[in-house]
Amino acid sequence: MKFERKDLLGLEELSRGEIEFILETAGSFVEISERPIKKVPVLRGLTVVNLFSEPSTRTRISFELAEKRLSADTVNITASSSSVVKGETLKDTAKNIEAMNIDMLVVRHNAPGAPHYLADVLHCPVINAGDGPHEHPTQALLDLLTVKQKRGTFEGLNVTIIGDILHSRVARSDIWGFTKLGAAVTVCGPPTLIPPDIESTGVTVSYDLEEVIPRSDILMLLRIQTERLKECFFPSIREYSDFFGLDSAKLERAKPDVLIMHPGPLNRGVEITPEVADGPRSVILDQVRYGLAVRMAVLYLLSGGELKSEDSD
Amino acid sequence: MKFERKDLLGLEELSRGEIEFILETAGSFVEISERPIKKVPVLRGLTVVNLFSEPSTRTRISFELAEKRLSADTVNITASSSSVVKGETLKDTAKNIEAMNIDMLVVRHNAPGAPHYLADVLHCPVINAGDGPHEHPTQALLDLLTVKQKRGTFEGLNVTIIGDILHSRVARSDIWGFTKLGAAVTVCGPPTLIPPDIESTGVTVSYDLEEVIPRSDILMLLRIQTERLKECFFPSIREYSDFFGLDSAKLERAKPDVLIMHPGPLNRGVEITPEVADGPRSVILDQVRYGLAVRMAVLYLLSGGELKSEDSD
Amino acid sequence: MKFERKDLLGLEELSRGEIEFILETAGSFVEISERPIKKVPVLRGLTVVNLFSEPSTRTRISFELAEKRLSADTVNITASSSSVVKGETLKDTAKNIEAMNIDMLVVRHNAPGAPHYLADVLHCPVINAGDGPHEHPTQALLDLLTVKQKRGTFEGLNVTIIGDILHSRVARSDIWGFTKLGAAVTVCGPPTLIPPDIESTGVTVSYDLEEVIPRSDILMLLRIQTERLKECFFPSIREYSDFFGLDSAKLERAKPDVLIMHPGPLNRGVEITPEVADGPRSVILDQVRYGLAVRMAVLYLLSGGELKSEDSD
């Protein structure tokens, strides 16, 4: 079997079969990441450009490590130094990158749809590393891989995503991913942070975390951006924590095998307490670990066809 | 034949034969950039340092891609993080780099002559990636390669460079290059942006774009920096565009096979309209493409002698 | 013999034998740095992360060059772009890095002890590249290597460290290193810049540079940070230079074979005059050169055990 798409732009357009194929491929890369020498030659001789027009560390590093473990050469373009990003239109950025004849592009951009536009113009594969509040497909794939590795199946699972659903590309991609694979998704947060039309995506809405905890198999906390406080989405950090922060007391009513997830970076004491983040039910660091495997898998699949002869190297 | 210089500092000091030799070498690298695996081992084991004391994206990326396609290791030093650049004299920068025993240095610096000073002190080859308003030799070489690939010859061509000639290192290097290879160069712009002594370099001056268009084979637009407006070099962006911006109306009077060039990044709607930039006569993206080949050629030639045994690898 | 530690955190905890073993290993890397092809495959397939939460150029570049000469892949994380550094606790930084399963970490951090904490949590080797005013072990090791290469022995040498001892991690690491190897260390500077308890480390204190110069074999000048002036540690740059800056006049009273050292970057005209910095007794550039060899040695030794089969490659 072969992955037939040129790009990875979002989970909305992927079929269940395609998502499962990526997860299966990622599973084999989990093993490679545990070896003393983690480097394999599948992208040898190819150059991957990481174009990040928004600051990011963990996603950029995860991609860069994944690329290097696949033996690719990497070039980083970041917003602060980038006339490609700031001084010209996205159209010119795209055309210039095309003219340089690079082999693959990983792009984070604050404009929703920017990776889709680039994918349209460029002949090389494009991977969306987050486009504004729209999608963050590799994050959702690593969340899915974490659940798959811990639970084996998605059927019958209740996944609850808690916090700022409105501004979260992680929530959006996770909703597509988990519902396609057969899980039931609930989103939970203050009404100001839940998009009004969210139920059309097939999720259940709750404004009461205590009520949803007992029936959840996965509790996925989202990072609260303190900027949102200034924008009056909620009255205070303390009130947010009281109602929607996960602490040991609330966790007592959860299923014994609940998984606690968070895309990071953590606001310890805001959306999650240290005891819960570091506790036995937390799989937050597994998410980071599986993130590398998922990104290796995506890079591998998108470069696929061209690299067969190199593979046997 | 072998390139006999240690450094590439500017086109002023190169002979016609040397320029032609670089362009010929670059021609063979154009083909390599079209292959599925673009990497060749000619700089394997060598470390190239890219020292950029001015922000730059496209030139830095073009050099970094060229270095990686030649299998060099690269280390980037940028102004924002650089005590080497800011906290010490250029003399100390040079001596420290020398002590680290690197193999090649690519340098962009706001002080004209800085690369020449470094070349003098360092034993390794130095490539000028732009020194203030002085020279930008690899940009001029890629402009020359673009014209050579499209037209085959320089003899009898009329090259018109339009815009801020006064502050442009690209204009300066292009003037040296095109006149040495036998083309006739005209510079065109508002009188405030034309250096008073420019005719001593062998160019013709015009203040009237409409007048020079019909006899031009090449129209090279330069980027207008909006800072120049504050410095009162011209009254308004709109007036500049009316007189010196290239649009479809002005282009109607051009030769049918005129080439439209621009070093980028484009100010769409200022010095060039989108229709012209994206139109059939534009070779702007060819310039970007050939830029990589030119930089690979320069890196290859300057490393030359030492690497013969590696070449057959 | 084998280096038995997992990490290099400081010279305080190293035995004389361990320091001598590192210096001996570094000696063999000095030769490699003089070859036309300086790259050796001892870290091939491994990824080293350089996490710098304080700006640095020369130390970062020296490490990055050392890593690349050993064929490691490198990933740079710098403060300005780094949510790993700023947006989360050091604990979370550590756990995230651990989850990504990197092979080695080089860390500069403004908090004393941060590398020790990371070393405790991470399974991979950690190298301290400077932790606040605490230690900078590779700088001290390169100072030691420079003296060893120039003098052969440490026994009976009088080493004088001059300037801002209070805030200097270089001074602290140098004191541990030189005294352990048998040299006598004097620290010299204005009383405000000498820590009150410094004599407990075995050094002699002097407030009079002219008095200590005649009996010194090594004069190590430290960089004066102009910020210290605002904090009222000394009355003026000029007064500092008069009393503690090294110039040709003061140097006349020195031993004929005295070595002048400085960790860089130089404040020419403040703690050292250009004539002295560039004069025949200065070994400042040897320090830079040996720095690369020391860092290669440390990376090699800490990766040691696992890499034997690669070594014969």
# chains A, B, ... in the order shown; residues from 1 in each chain; ligands from 1

call {"tool": "residues_around", "arguments": {"residues": "Glu210 in chain C", "least_positions_apart": "6", "cutoff": "10 Å", "atoms": "only C-alpha atoms", "output": "PyMOL selection string"}}
result
chain C and resi 243-244+246+250-251+253-254

call {"tool": "calpha_fit_and_write", "arguments": {"fixed": "chain A", "moving": "chain C", "output": "tab-separated table (two decimals) with C-alpha atoms, in the first residue's frame"}}
result
chain	number	residue	atom	x	y	z
C	1	MET	CA	-0.02	0.01	-0.01
C	2	LYS	CA	1.09	3.53	-0.70
C	3	PHE	CA	-0.05	6.94	0.58
C	4	GLU	CA	-1.58	8.60	-2.45
C	5	ARG	CA	-1.61	12.25	-1.41
C	6	LYS	CA	1.07	14.78	-2.27
C	7	ASP	CA	0.56	16.78	0.95
C	8	LEU	CA	-0.58	16.55	4.55
C	9	LEU	CA	-2.77	19.60	5.13
C	10	GLY	CA	-5.39	18.51	7.62
C	11	LEU	CA	-7.34	15.58	8.98
C	12	GLU	CA	-10.63	16.90	7.61
C	13	GLU	CA	-9.87	15.59	4.13
C	14	LEU	CA	-8.31	12.26	5.15
C	15	SER	CA	-10.29	9.05	5.09
C	16	ARG	CA	-10.34	6.67	8.02
C	17	GLY	CA	-8.17	4.30	5.99
C	18	GLU	CA	-5.58	6.95	5.29
C	19	ILE	CA	-5.34	7.93	8.95
C	20	GLU	CA	-4.99	4.29	9.97
C	21	PHE	CA	-2.27	3.79	7.39
C	22	ILE	CA	-0.26	6.74	8.76
C	23	LEU	CA	-0.66	5.43	12.31
C	24	GLU	CA	0.47	1.98	11.27
C	25	THR	CA	3.55	3.40	9.55
C	26	ALA	CA	4.29	5.57	12.58
C	27	GLY	CA	4.14	2.48	14.76
C	28	SER	CA	7.16	1.07	12.97
C	29	PHE	CA	9.07	4.33	13.50
C	30	VAL	CA	8.44	4.16	17.26
C	31	GLU	CA	10.84	1.22	17.38
C	32	ILE	CA	13.56	3.08	15.41
C	33	SER	CA	13.50	5.93	17.95
C	34	GLU	CA	14.48	3.51	20.72
C	35	ARG	CA	17.64	2.23	18.97
C	36	PRO	CA	21.13	3.50	19.95
C	37	ILE	CA	21.61	4.74	16.36
C	38	LYS	CA	18.26	6.22	15.36
C	39	LYS	CA	19.24	7.41	11.90
C	40	VAL	CA	17.90	5.74	8.75
C	41	PRO	CA	18.75	6.78	5.18
C	42	VAL	CA	15.27	7.14	3.66
C	43	LEU	CA	15.46	10.88	2.93
C	44	ARG	CA	19.19	10.96	2.17
C	45	GLY	CA	20.10	13.57	-0.42
C	46	LEU	CA	16.82	15.46	0.03
C	47	THR	CA	16.35	18.92	1.51
C	48	VAL	CA	13.41	19.78	3.75
C	49	VAL	CA	12.66	23.45	4.42
C	50	ASN	CA	10.96	24.33	7.73
C	51	LEU	CA	9.18	27.63	7.19
C	52	PHE	CA	7.80	28.89	10.49
C	53	SER	CA	6.13	32.30	10.35
C	54	GLU	CA	4.94	31.91	13.94
C	55	PRO	CA	7.27	31.20	16.83
C	56	SER	CA	7.37	27.56	17.80
C	57	THR	CA	9.91	25.42	19.50
C	58	ARG	CA	8.58	21.99	20.20
C	59	THR	CA	6.91	21.41	16.85
C	60	ARG	CA	9.89	22.77	14.94
C	61	ILE	CA	12.36	20.68	16.94
C	62	SER	CA	10.24	17.57	16.61
C	63	PHE	CA	10.12	18.02	12.83
C	64	GLU	CA	13.82	18.87	12.61
C	65	LEU	CA	14.78	15.79	14.65
C	66	ALA	CA	12.46	13.63	12.52
C	67	GLU	CA	14.01	14.99	9.32
C	68	LYS	CA	17.55	14.41	10.57
C	69	ARG	CA	16.77	10.88	11.73
C	70	LEU	CA	15.62	10.22	8.17
C	71	SER	CA	18.97	11.66	6.91
C	72	ALA	CA	17.41	14.69	5.20
C	73	ASP	CA	19.21	18.02	5.02
C	74	THR	CA	17.24	20.75	6.75
C	75	VAL	CA	16.99	24.51	6.25
C	76	ASN	CA	15.10	26.61	8.81
C	77	ILE	CA	13.36	29.85	7.91
C	78	THR	CA	11.88	31.70	10.86
C	79	ALA	CA	9.66	34.72	10.99
C	80	SER	CA	12.09	37.05	12.67
C	81	SER	CA	14.69	36.84	9.93
C	82	SER	CA	12.41	36.25	7.05
C	83	SER	CA	11.74	38.63	4.20
C	84	VAL	CA	10.32	35.57	2.48
C	85	VAL	CA	7.63	35.62	5.10
C	86	LYS	CA	7.15	39.29	5.89
C	87	GLY	CA	8.27	41.36	2.95
C	88	GLU	CA	6.34	39.73	0.20
C	89	THR	CA	3.05	38.09	-0.60
C	90	LEU	CA	2.44	34.42	0.08
C	91	LYS	CA	2.30	34.03	-3.68
C	92	ASP	CA	5.87	35.26	-4.05
C	93	THR	CA	7.03	33.13	-1.15
C	94	ALA	CA	5.56	30.10	-2.87
C	95	LYS	CA	7.07	30.89	-6.25
C	96	ASN	CA	10.49	31.55	-4.80
C	97	ILE	CA	10.50	28.30	-2.88
C	98	GLU	CA	9.39	26.49	-6.03
C	99	ALA	CA	12.22	28.05	-8.01
C	100	MET	CA	14.77	26.81	-5.48
C	101	ASN	CA	13.56	23.29	-6.21
C	102	ILE	CA	13.44	22.04	-2.63
C	103	ASP	CA	12.23	18.53	-1.88
C	104	MET	CA	9.71	19.08	0.90
C	105	LEU	CA	8.20	21.98	2.84
C	106	VAL	CA	6.98	22.02	6.45
C	107	VAL	CA	5.04	25.22	7.08
C	108	ARG	CA	3.54	26.94	10.09
C	109	HIS	CA	1.60	30.08	9.27
C	110	ASN	CA	-0.83	32.31	11.12
C	111	ALA	CA	-3.20	32.45	8.14
C	112	PRO	CA	-5.63	29.52	7.90
C	113	GLY	CA	-5.25	27.91	4.49
C	114	ALA	CA	-1.73	29.17	3.83
C	115	PRO	CA	-0.31	25.62	3.61
C	116	HIS	CA	-3.13	24.67	1.23
C	117	TYR	CA	-2.26	27.58	-1.04
C	118	LEU	CA	1.42	26.62	-0.98
C	119	ALA	CA	0.56	22.98	-1.67
C	120	ASP	CA	-1.42	24.07	-4.67
C	121	VAL	CA	1.42	26.07	-6.18
C	122	LEU	CA	4.39	23.86	-5.26
C	123	HIS	CA	5.29	20.58	-6.89
C	124	CYS	CA	6.93	19.27	-3.72
C	125	PRO	CA	5.04	17.80	-0.75
C	126	VAL	CA	3.81	20.32	1.84
C	127	ILE	CA	3.15	19.47	5.49
C	128	ASN	CA	0.94	21.74	7.58
C	129	ALA	CA	2.61	22.33	10.95
C	130	GLY	CA	-0.26	24.52	12.12
C	131	ASP	CA	-2.22	27.16	10.18
C	132	GLY	CA	-3.76	29.75	12.50
C	133	PRO	CA	-6.74	28.31	14.37
C	134	HIS	CA	-7.49	25.90	11.52
C	135	GLU	CA	-5.62	22.55	11.66
C	136	HIS	CA	-2.50	20.98	13.16
C	137	PRO	CA	-2.64	17.52	11.63
C	138	THR	CA	0.60	16.04	12.97
C	139	GLN	CA	-0.43	16.98	16.51
C	140	ALA	CA	-3.75	15.17	16.07
C	141	LEU	CA	-1.98	12.17	14.55
C	142	LEU	CA	0.36	11.93	17.53
C	143	ASP	CA	-2.63	12.17	19.86
C	144	LEU	CA	-4.25	9.34	17.92
C	145	LEU	CA	-1.07	7.27	17.98
C	146	THR	CA	-0.79	7.75	21.74
C	147	VAL	CA	-4.35	6.50	22.28
C	148	LYS	CA	-3.83	3.62	19.84
C	149	GLN	CA	-0.64	2.51	21.61
C	150	LYS	CA	-2.29	2.74	25.03
C	151	ARG	CA	-5.74	1.42	24.21
C	152	GLY	CA	-5.49	-0.51	20.96
C	153	THR	CA	-8.84	0.73	19.64
C	154	PHE	CA	-10.90	3.90	19.27
C	155	GLU	CA	-14.32	2.26	19.12
C	156	GLY	CA	-16.47	3.14	22.10
C	157	LEU	CA	-13.99	5.61	23.60
C	158	ASN	CA	-15.24	8.89	25.03
C	159	VAL	CA	-12.73	11.66	24.30
C	160	THR	CA	-13.21	14.98	26.12
C	161	ILE	CA	-11.31	18.05	24.92
C	162	ILE	CA	-11.24	20.80	27.54
C	163	GLY	CA	-10.50	24.50	27.30
C	164	ASP	CA	-10.17	27.05	24.54
C	165	ILE	CA	-11.86	25.15	21.70
C	166	LEU	CA	-12.54	28.39	19.81
C	167	HIS	CA	-8.93	29.28	19.03
C	168	SER	CA	-7.48	25.76	18.96
C	169	ARG	CA	-6.23	24.12	15.78
C	170	VAL	CA	-5.37	21.12	17.92
C	171	ALA	CA	-9.00	20.72	18.97
C	172	ARG	CA	-10.18	21.04	15.39
C	173	SER	CA	-7.77	18.40	14.05
C	174	ASP	CA	-8.41	16.11	17.01
C	175	ILE	CA	-12.15	16.28	16.47
C	176	TRP	CA	-11.75	15.16	12.84
C	177	GLY	CA	-9.32	12.42	13.78
C	178	PHE	CA	-11.07	10.89	16.77
C	179	THR	CA	-14.55	10.96	15.26
C	180	LYS	CA	-13.35	9.39	11.99
C	181	LEU	CA	-11.74	6.55	13.92
C	182	GLY	CA	-14.93	5.83	15.84
C	183	ALA	CA	-14.51	7.64	19.16
C	184	ALA	CA	-17.17	9.95	20.61
C	185	VAL	CA	-15.87	13.47	21.23
C	186	THR	CA	-17.12	15.97	23.80
C	187	VAL	CA	-15.79	19.52	23.95
C	188	CYS	CA	-15.93	21.27	27.30
C	189	GLY	CA	-15.14	24.85	28.35
C	190	PRO	CA	-16.68	28.22	29.12
C	191	PRO	CA	-19.37	29.17	26.54
C	192	THR	CA	-17.21	32.05	25.27
C	193	LEU	CA	-14.52	29.59	24.20
C	194	ILE	CA	-16.80	27.09	22.42
C	195	PRO	CA	-17.58	27.92	18.76
C	196	PRO	CA	-21.38	28.26	18.29
C	197	ASP	CA	-21.57	25.83	15.35
C	198	ILE	CA	-19.26	23.17	16.77
C	199	GLU	CA	-21.97	20.50	17.08
C	200	SER	CA	-22.15	20.27	13.29
C	201	THR	CA	-18.79	18.43	13.43
C	202	GLY	CA	-20.41	15.63	15.37
C	203	VAL	CA	-19.25	16.50	18.85
C	204	THR	CA	-21.20	16.92	22.08
C	205	VAL	CA	-20.86	20.19	23.99
C	206	SER	CA	-20.62	20.47	27.76
C	207	TYR	CA	-20.01	23.47	29.98
C	208	ASP	CA	-19.55	21.34	33.08
C	209	LEU	CA	-16.26	19.48	33.48
C	210	GLU	CA	-17.31	17.69	36.66
C	211	GLU	CA	-20.26	16.21	34.83
C	212	VAL	CA	-18.25	14.82	31.88
C	213	ILE	CA	-15.27	13.47	33.81
C	214	PRO	CA	-16.90	10.21	35.01
C	215	ARG	CA	-17.74	9.03	31.49
C	216	SER	CA	-14.50	10.13	29.78
C	217	ASP	CA	-11.80	7.69	28.66
C	218	ILE	CA	-9.53	10.50	27.51
C	219	LEU	CA	-9.21	13.96	29.11
C	220	MET	CA	-7.36	16.25	26.73
C	221	LEU	CA	-6.49	19.61	28.31
C	222	LEU	CA	-5.67	22.56	26.05
C	223	ARG	CA	-3.25	25.34	26.93
C	224	ILE	CA	-4.91	28.57	28.08
C	225	GLN	CA	-3.25	31.57	26.46
C	226	THR	CA	-3.11	34.40	28.97
C	227	GLU	CA	-3.78	36.83	26.10
C	228	ARG	CA	-7.34	35.51	26.05
C	229	LEU	CA	-7.84	36.94	29.52
C	230	LYS	CA	-7.26	40.47	28.21
C	231	GLU	CA	-9.73	39.76	25.43
C	232	CYS	CA	-12.35	39.00	28.12
C	233	PHE	CA	-13.05	35.39	27.18
C	234	PHE	CA	-13.08	34.50	30.89
C	235	PRO	CA	-13.06	36.59	34.07
C	236	SER	CA	-9.85	35.36	35.76
C	237	ILE	CA	-7.22	32.63	35.64
C	238	ARG	CA	-8.36	31.51	39.06
C	239	GLU	CA	-11.98	31.16	38.03
C	240	TYR	CA	-10.93	29.30	34.88
C	241	SER	CA	-8.86	26.88	36.96
C	242	ASP	CA	-11.66	26.33	39.44
C	243	PHE	CA	-14.11	25.32	36.74
C	244	PHE	CA	-11.97	23.83	33.97
C	245	GLY	CA	-8.54	23.11	35.42
C	246	LEU	CA	-7.88	19.44	36.12
C	247	ASP	CA	-6.71	18.69	39.66
C	248	SER	CA	-6.55	15.61	41.86
C	249	ALA	CA	-9.94	16.32	43.44
C	250	LYS	CA	-11.75	16.38	40.08
C	251	LEU	CA	-9.75	13.40	38.89
C	252	GLU	CA	-11.09	11.24	41.74
C	253	ARG	CA	-14.36	10.88	39.91
C	254	ALA	CA	-12.69	9.72	36.68
C	255	LYS	CA	-12.48	6.16	35.36
C	256	PRO	CA	-9.45	4.35	36.80
C	257	ASP	CA	-7.83	3.91	33.38
C	258	VAL	CA	-8.50	7.45	32.07
C	259	LEU	CA	-5.68	8.94	29.97
C	260	ILE	CA	-4.63	12.56	30.67
C	261	MET	CA	-3.31	14.33	27.56
C	262	HIS	CA	-2.02	17.85	26.80
C	263	PRO	CA	-0.37	19.20	23.62
C	264	GLY	CA	2.08	21.33	25.66
C	265	PRO	CA	3.57	23.58	26.73
C	266	LEU	CA	1.87	23.19	30.11
C	267	ASN	CA	0.59	26.05	32.22
C	268	ARG	CA	1.08	24.19	35.46
C	269	GLY	CA	-1.54	25.35	37.94
C	270	VAL	CA	-3.84	26.80	35.30
C	271	GLU	CA	-5.41	24.10	33.11
C	272	ILE	CA	-3.64	21.26	34.92
C	273	THR	CA	-2.05	20.83	38.35
C	274	PRO	CA	1.46	19.38	38.69
C	275	GLU	CA	0.14	16.29	40.53
C	276	VAL	CA	-2.10	15.43	37.59
C	277	ALA	CA	0.46	16.33	34.89
C	278	ASP	CA	3.11	14.15	36.49
C	279	GLY	CA	0.73	11.50	37.79
C	280	PRO	CA	0.32	7.88	36.70
C	281	ARG	CA	-2.57	8.58	34.33
C	282	SER	CA	-0.71	11.24	32.37
C	283	VAL	CA	0.55	10.26	28.91
C	284	ILE	CA	1.79	13.75	28.09
C	285	LEU	CA	5.38	12.67	27.54
C	286	ASP	CA	4.25	9.72	25.43
C	287	GLN	CA	2.63	12.29	23.18
C	288	VAL	CA	6.00	14.01	22.70
C	289	ARG	CA	7.71	10.66	22.05
C	290	TYR	CA	5.10	9.52	19.55
C	291	GLY	CA	5.20	12.94	17.88
C	292	LEU	CA	8.62	12.17	16.51
C	293	ALA	CA	7.48	8.81	15.15
C	294	VAL	CA	4.39	10.36	13.54
C	295	ARG	CA	6.45	13.07	11.84
C	296	MET	CA	8.97	10.54	10.60
C	297	ALA	CA	6.10	8.50	9.18
C	298	VAL	CA	4.50	11.48	7.43
C	299	LEU	CA	7.82	12.62	5.93
C	300	TYR	CA	8.51	9.07	4.83
C	301	LEU	CA	5.11	8.51	3.26
C	302	LEU	CA	5.02	11.82	1.41
C	303	SER	CA	8.51	11.27	-0.02
C	304	GLY	CA	7.61	7.63	-0.64
C	305	GLY	CA	7.46	6.79	-4.30
C	306	GLU	CA	10.71	8.40	-5.28
C	307	LEU	CA	12.83	6.81	-2.64
C	308	LYS	CA	12.41	3.09	-3.02
C	309	SER	CA	15.94	2.38	-4.20
C	310	GLU	CA	17.43	4.40	-1.33
C	311	ASP	CA	15.37	2.41	1.15
C	312	SER	CA	17.36	-0.74	0.79
C	313	ASP	CA	20.55	1.18	1.47

call {"tool": "select_by_dssp", "arguments": {"residues": "range 35-281 of chain A", "states": "strand (DSSP E)", "output": "MDAnalysis selection string"}}
result
chainID A and resid 47:52 73:78 104:109 126:131 158:162 184:188 204:206 218:221 259:261

call {"tool": "select_by_dssp", "arguments": {"residues": "range 88-224 of chain A", "states": "alpha helix (DSSP H)", "output": "JSON list (two decimals) with C-alpha atoms, in the first residue's frame"}}
result
[["chain", "number", "residue", "atom", "x", "y", "z"],
["A", 90, "LEU", "CA", 2.46, 34.38, 0.11],
["A", 91, "LYS", "CA", 2.31, 33.97, -3.66],
["A", 92, "ASP", "CA", 5.87, 35.20, -4.05],
["A", 93, "THR", "CA", 7.05, 33.08, -1.14],
["A", 94, "ALA", "CA", 5.58, 30.05, -2.84],
["A", 95, "LYS", "CA", 7.07, 30.81, -6.23],
["A", 96, "ASN", "CA", 10.48, 31.49, -4.81],
["A", 97, "ILE", "CA", 10.50, 28.26, -2.87],
["A", 98, "GLU", "CA", 9.39, 26.42, -6.02],
["A", 99, "ALA", "CA", 12.22, 27.99, -8.01],
["A", 114, "ALA", "CA", -1.74, 29.16, 3.84],
["A", 115, "PRO", "CA", -0.32, 25.61, 3.60],
["A", 116, "HIS", "CA", -3.14, 24.67, 1.23],
["A", 117, "TYR", "CA", -2.27, 27.57, -1.03],
["A", 118, "LEU", "CA", 1.41, 26.61, -0.98],
["A", 119, "ALA", "CA", 0.55, 22.97, -1.68],
["A", 120, "ASP", "CA", -1.43, 24.06, -4.68],
["A", 121, "VAL", "CA", 1.41, 26.07, -6.18],
["A", 137, "PRO", "CA", -2.65, 17.54, 11.64],
["A", 138, "THR", "CA", 0.60, 16.05, 12.97],
["A", 139, "GLN", "CA", -0.44, 17.01, 16.51],
["A", 140, "ALA", "CA", -3.74, 15.19, 16.08],
["A", 141, "LEU", "CA", -1.98, 12.18, 14.55],
["A", 142, "LEU", "CA", 0.36, 11.95, 17.53],
["A", 143, "ASP", "CA", -2.62, 12.19, 19.86],
["A", 144, "LEU", "CA", -4.25, 9.35, 17.92],
["A", 145, "LEU", "CA", -1.07, 7.28, 17.98],
["A", 146, "THR", "CA", -0.79, 7.76, 21.74],
["A", 147, "VAL", "CA", -4.33, 6.51, 22.28],
["A", 148, "LYS", "CA", -3.84, 3.64, 19.84],
["A", 149, "GLN", "CA", -0.65, 2.52, 21.60],
["A", 150, "LYS", "CA", -2.27, 2.74, 25.04],
["A", 151, "ARG", "CA", -5.74, 1.41, 24.23],
["A", 169, "ARG", "CA", -6.23, 24.14, 15.81],
["A", 170, "VAL", "CA", -5.38, 21.13, 17.94],
["A", 171, "ALA", "CA", -9.01, 20.73, 18.98],
["A", 172, "ARG", "CA", -10.20, 21.04, 15.40],
["A", 173, "SER", "CA", -7.78, 18.41, 14.06],
["A", 174, "ASP", "CA", -8.41, 16.12, 17.02],
["A", 175, "ILE", "CA", -12.16, 16.29, 16.48],
["A", 176, "TRP", "CA", -11.75, 15.18, 12.86],
["A", 177, "GLY", "CA", -9.34, 12.44, 13.78],
["A", 178, "PHE", "CA", -11.07, 10.91, 16.77],
["A", 179, "THR", "CA", -14.57, 10.97, 15.27],
["A", 180, "LYS", "CA", -13.34, 9.40, 12.00],
["A", 209, "LEU", "CA", -16.29, 19.50, 33.48],
["A", 210, "GLU", "CA", -17.32, 17.69, 36.67],
["A", 211, "GLU", "CA", -20.28, 16.20, 34.84],
["A", 212, "VAL", "CA", -18.26, 14.82, 31.89]]

call {"tool": "decode", "arguments": {"residues": "range 192-209 of chain B", "atoms": "C-alpha atoms", "output": "compact mmCIF listing (two decimals), in the first residue's frame"}}
result
# COMPACT_ATOMS: atom_id res chain seq x y z
CA THR B 192 18.08 61.85 -6.62
CA LEU B 193 18.63 58.09 -6.91
CA ILE B 194 21.33 58.18 -9.62
CA PRO B 195 24.91 58.67 -8.34
CA PRO B 196 26.43 61.81 -9.93
CA ASP B 197 29.59 60.08 -11.17
CA ILE B 198 27.92 56.94 -12.51
CA GLU B 199 28.79 57.61 -16.17
CA SER B 200 32.45 56.99 -15.38
CA THR B 201 31.58 53.27 -15.15
CA GLY B 202 30.61 53.27 -18.81
CA VAL B 203 26.81 53.42 -18.44
CA THR B 204 24.30 55.76 -20.03
CA VAL B 205 21.95 57.69 -17.74
CA SER B 206 18.27 58.29 -18.43
CA TYR B 207 15.59 59.92 -16.31
CA ASP B 208 12.77 58.84 -18.63
CA LEU B 209 11.71 55.21 -18.51
